[in-house]
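Enquirer: Would you mind keeping the following structure in view while I ask a few things?
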Amino acid sequence: MAKRITLRQKTLSITEVAEYHRDVESSLQLYFTRNNPRFVARFAGYMLSEVANELAERLIETDLRSALAIMVRIEATFRIDYLQRCNSKGADDLSIAFRKLRRKYGAKHARVPLEQGILEAWRAVYPGTSTLIGELSRAFRFRHWLAHGRYFTPKLARKYDYQSVYILATSVLENLPLISAGIV
Amino acid sequence: MSKLAFDEFVKSQQNDEREAVGPNSAQQLKEWLLYLDNLYSKITSYVQSYINEATAQIYYSNIELNEEFFGAYQARKMTLKIGRSSVAFNPVGTGLFGMRGRVDVLGPSGKASLFLVNKRTTNARSLIQVTISRPGDPPPQPESNKKREPIQWVWKIGTPPPDMNFVELTQETFFEMILEVANG
């Protein structure tokens, strides 16, 4: 018997990640100007071009962190949907496919692979989602690169950053009948 | 069993690669660079009167982009200089999900983006439409039976996430965008 996981009732939605990102970006823009009361102390000895370069670096880093936050949120959404369908014992094809996966991988839900397990089941049950799921699988290579410390050069089919990942996430959440119990 | 699994893996990677590269990459790259030129011409026409008065200048430089589809290539970056303020139009690439290209607009007070999208697209939610049908359901009406209009790709200004609305690029909306990124 698989042990049930207790789901957190409050996690950041992708909208909240976007709002957080917007506020951090605006704060950085302000911090790197003379409107920052500590500008002189912080940037003493800097040339203006160096200030601009450092701001650009911070914005790139913020962009990557927000992209990762979106990707892990999407992963969580699929895993919550998987758990809900396993636990609800629904008679729909996807719930049946997920219960087969649970039998295969046992009680440790984290062992169920997202891409070769959960996403493949989505593709098989809803063939119309194949292109979108394929896009998502490719984007997870970018997520793995971010999550594993970016120590290697990723081989990516597309250009990924915060905005492109947000658009992909919106398309996934908008189009797939994911069960999220109102916590995503 | 492992040989079978490996065969499947090799096959799936070939499919991914074919999906990613596509047969017409040289033509796609040519079109993307042409769309970029068209964008720059349009912007130049918006600020032509200021250029004539010598209160604004436009400069071009080449930057290297690297996309899996095409490898490394040179694309034109445009800089709009208005007095002390500079606004850079940085092409991001064409291999983006749900669109044909993106240019990031970077000014001293912020960032905006221009998206090359289907003329009918008004927000990120309408970029991709997926038909959910399960095995055994009647197949959706083939695209060839529907009256298909060719997609008209146009440049639009994208508001940042979470709203992500795509606004028609006109002289008025362009000026608003420049004021936002250059003047705060």
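Each chain of the structure tokens is named A, B, ... in the order shown, its residues numbered from 1; ligands are numbered from 1 in display order.
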Excluding segment 167-171 of chain B and residues on its chain fewer than 6 positions from it, collect all residues at most 10 Å away from it, counting only C-alpha atoms, and give them as a list in words.
Expert: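 Skipping anything fewer than 6 positions along the chain leaves Leu39, Lys42, Ile43, Ser45, Tyr46, Val47, Leu114, Phe115, Lys119, Thr121, Thr122, Asn123, Val154, Trp155, Lys156, Ile157, Gly158, Thr159 and Met177 of chain B.
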Enquirer: Taking only C-alpha atoms into account, which residues of chain B are within 6 Å of chain A, as an mmCIF file with C-alpha atoms, in the first residue's frame?
Expert:
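Result file result.cif:
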```cif
data_model
loop_
_atom_site.group_PDB
_atom_site.id
_atom_site.type_symbol
_atom_site.label_atom_id
_atom_site.label_comp_id
_atom_site.auth_asym_id
_atom_site.auth_seq_id
_atom_site.Cartn_x
_atom_site.Cartn_y
_atom_site.Cartn_z
ATOM 1 C CA ALA B 20 13.730 20.194 -33.323
ATOM 2 C CA GLU B 68 20.271 24.739 -31.785
ATOM 3 C CA GLY B 95 13.543 29.208 -31.832
ATOM 4 C CA LEU B 96 11.022 30.184 -29.193
ATOM 5 C CA ALA B 124 0.021 34.226 -23.896
ATOM 6 C CA ARG B 125 -3.038 32.027 -23.258
ATOM 7 C CA VAL B 130 -4.614 21.931 -27.725
ATOM 8 C CA THR B 131 -7.505 19.603 -28.542
ATOM 9 C CA ILE B 132 -7.924 17.055 -25.778
ATOM 10 C CA SER B 133 -9.251 13.772 -27.126
ATOM 11 C CA ARG B 134 -8.757 10.280 -25.763
ATOM 12 C CA PRO B 161 4.158 38.298 -17.000
ATOM 13 C CA PRO B 162 1.787 37.617 -15.360
#
```
Enquirer: Between atom CA of Arg79 of chain A and atom CA of Lys108 of chain A, what is the spacing in Å?
Expert: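 Rounded to one decimal, the two atoms are 12.3 Å apart.
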Enquirer: Write out as a list in words which residues come within 9 Å of Leu178 of chain A when counting only C-alpha atoms, dropping same-chain ones fewer than 4 positions away.
Expert: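 Returned residues: Thr77, Phe78, Ile80, Asp81, Tyr82 and Leu173 of chain A.
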Enquirer: With N, CA and C atoms kept, could you save the residues just selected as an mmCIF file, in the first residue's frame?
Expert:
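Just written: again26.cif:
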```cif
data_model
loop_
_atom_site.group_PDB
_atom_site.id
_atom_site.type_symbol
_atom_site.label_atom_id
_atom_site.label_comp_id
_atom_site.auth_asym_id
_atom_site.auth_seq_id
_atom_site.Cartn_x
_atom_site.Cartn_y
_atom_site.Cartn_z
ATOM 1 N N THR A 77 3.009 20.672 -10.208
ATOM 2 C CA THR A 77 1.619 20.574 -10.677
ATOM 3 C C THR A 77 1.337 19.180 -11.251
ATOM 4 N N PHE A 78 2.278 18.684 -12.052
ATOM 5 C CA PHE A 78 2.094 17.340 -12.625
ATOM 6 C C PHE A 78 2.139 16.267 -11.540
ATOM 7 N N ILE A 80 1.368 16.651 -8.332
ATOM 8 C CA ILE A 80 0.146 16.734 -7.513
ATOM 9 C C ILE A 80 -1.015 16.074 -8.258
ATOM 10 N N ASP A 81 -1.103 16.371 -9.551
ATOM 11 C CA ASP A 81 -2.154 15.761 -10.369
ATOM 12 C C ASP A 81 -2.039 14.237 -10.334
ATOM 13 N N TYR A 82 -0.780 13.751 -10.433
ATOM 14 C CA TYR A 82 -0.529 12.298 -10.385
ATOM 15 C C TYR A 82 -1.026 11.714 -9.059
ATOM 16 N N LEU A 173 -0.801 24.931 -18.422
ATOM 17 C CA LEU A 173 -1.865 25.052 -17.415
ATOM 18 C C LEU A 173 -3.208 25.386 -18.046
#
```
Enquirer: When DSSP is applied to the backbone of this structure, which of segment 43-183 of chain B are assigned strand (DSSP E or B)? Write them out as a count of residues only.
Expert: 60
Enquirer: Give me, please, the distance in Å between atom CA of Gly110 of chain B and atom CA of Ala182 of chain B, quoted to one decimal.
Expert: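 Spanning atom CA of Gly110 of chain B to atom CA of Ala182 of chain B is a straight-line distance of 6.9 Å.
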Enquirer: Tell me, as a PyMOL selection string, which residues lie within 8 Å of segment 78-91 of chain B, counting only C-alpha atoms; anything in the same chain fewer than 4 positions away does not count.
Expert: chain B and resi 36+40+55-61+102-108+178+181-182
Enquirer: What is the distance between atom CA of Ile70 of chain A and atom CA of Met164 of chain B, in Å to one decimal?
Expert: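 If I compute the distance from atom CA of Ile70 of chain A to atom CA of Met164 of chain B, I get 15.0 Å.
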Enquirer: Would you please work out which residue, of B:Ser41, B:Asn52, B:Asn183, B:Asn165, is nearest to Ser113 of chain B when using only C-alpha atoms?
Expert: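 Of B:Ser41, B:Asn52, B:Asn183, B:Asn165, the one nearest Ser113 of chain B, counting only C-alpha atoms, is B:Asn165.
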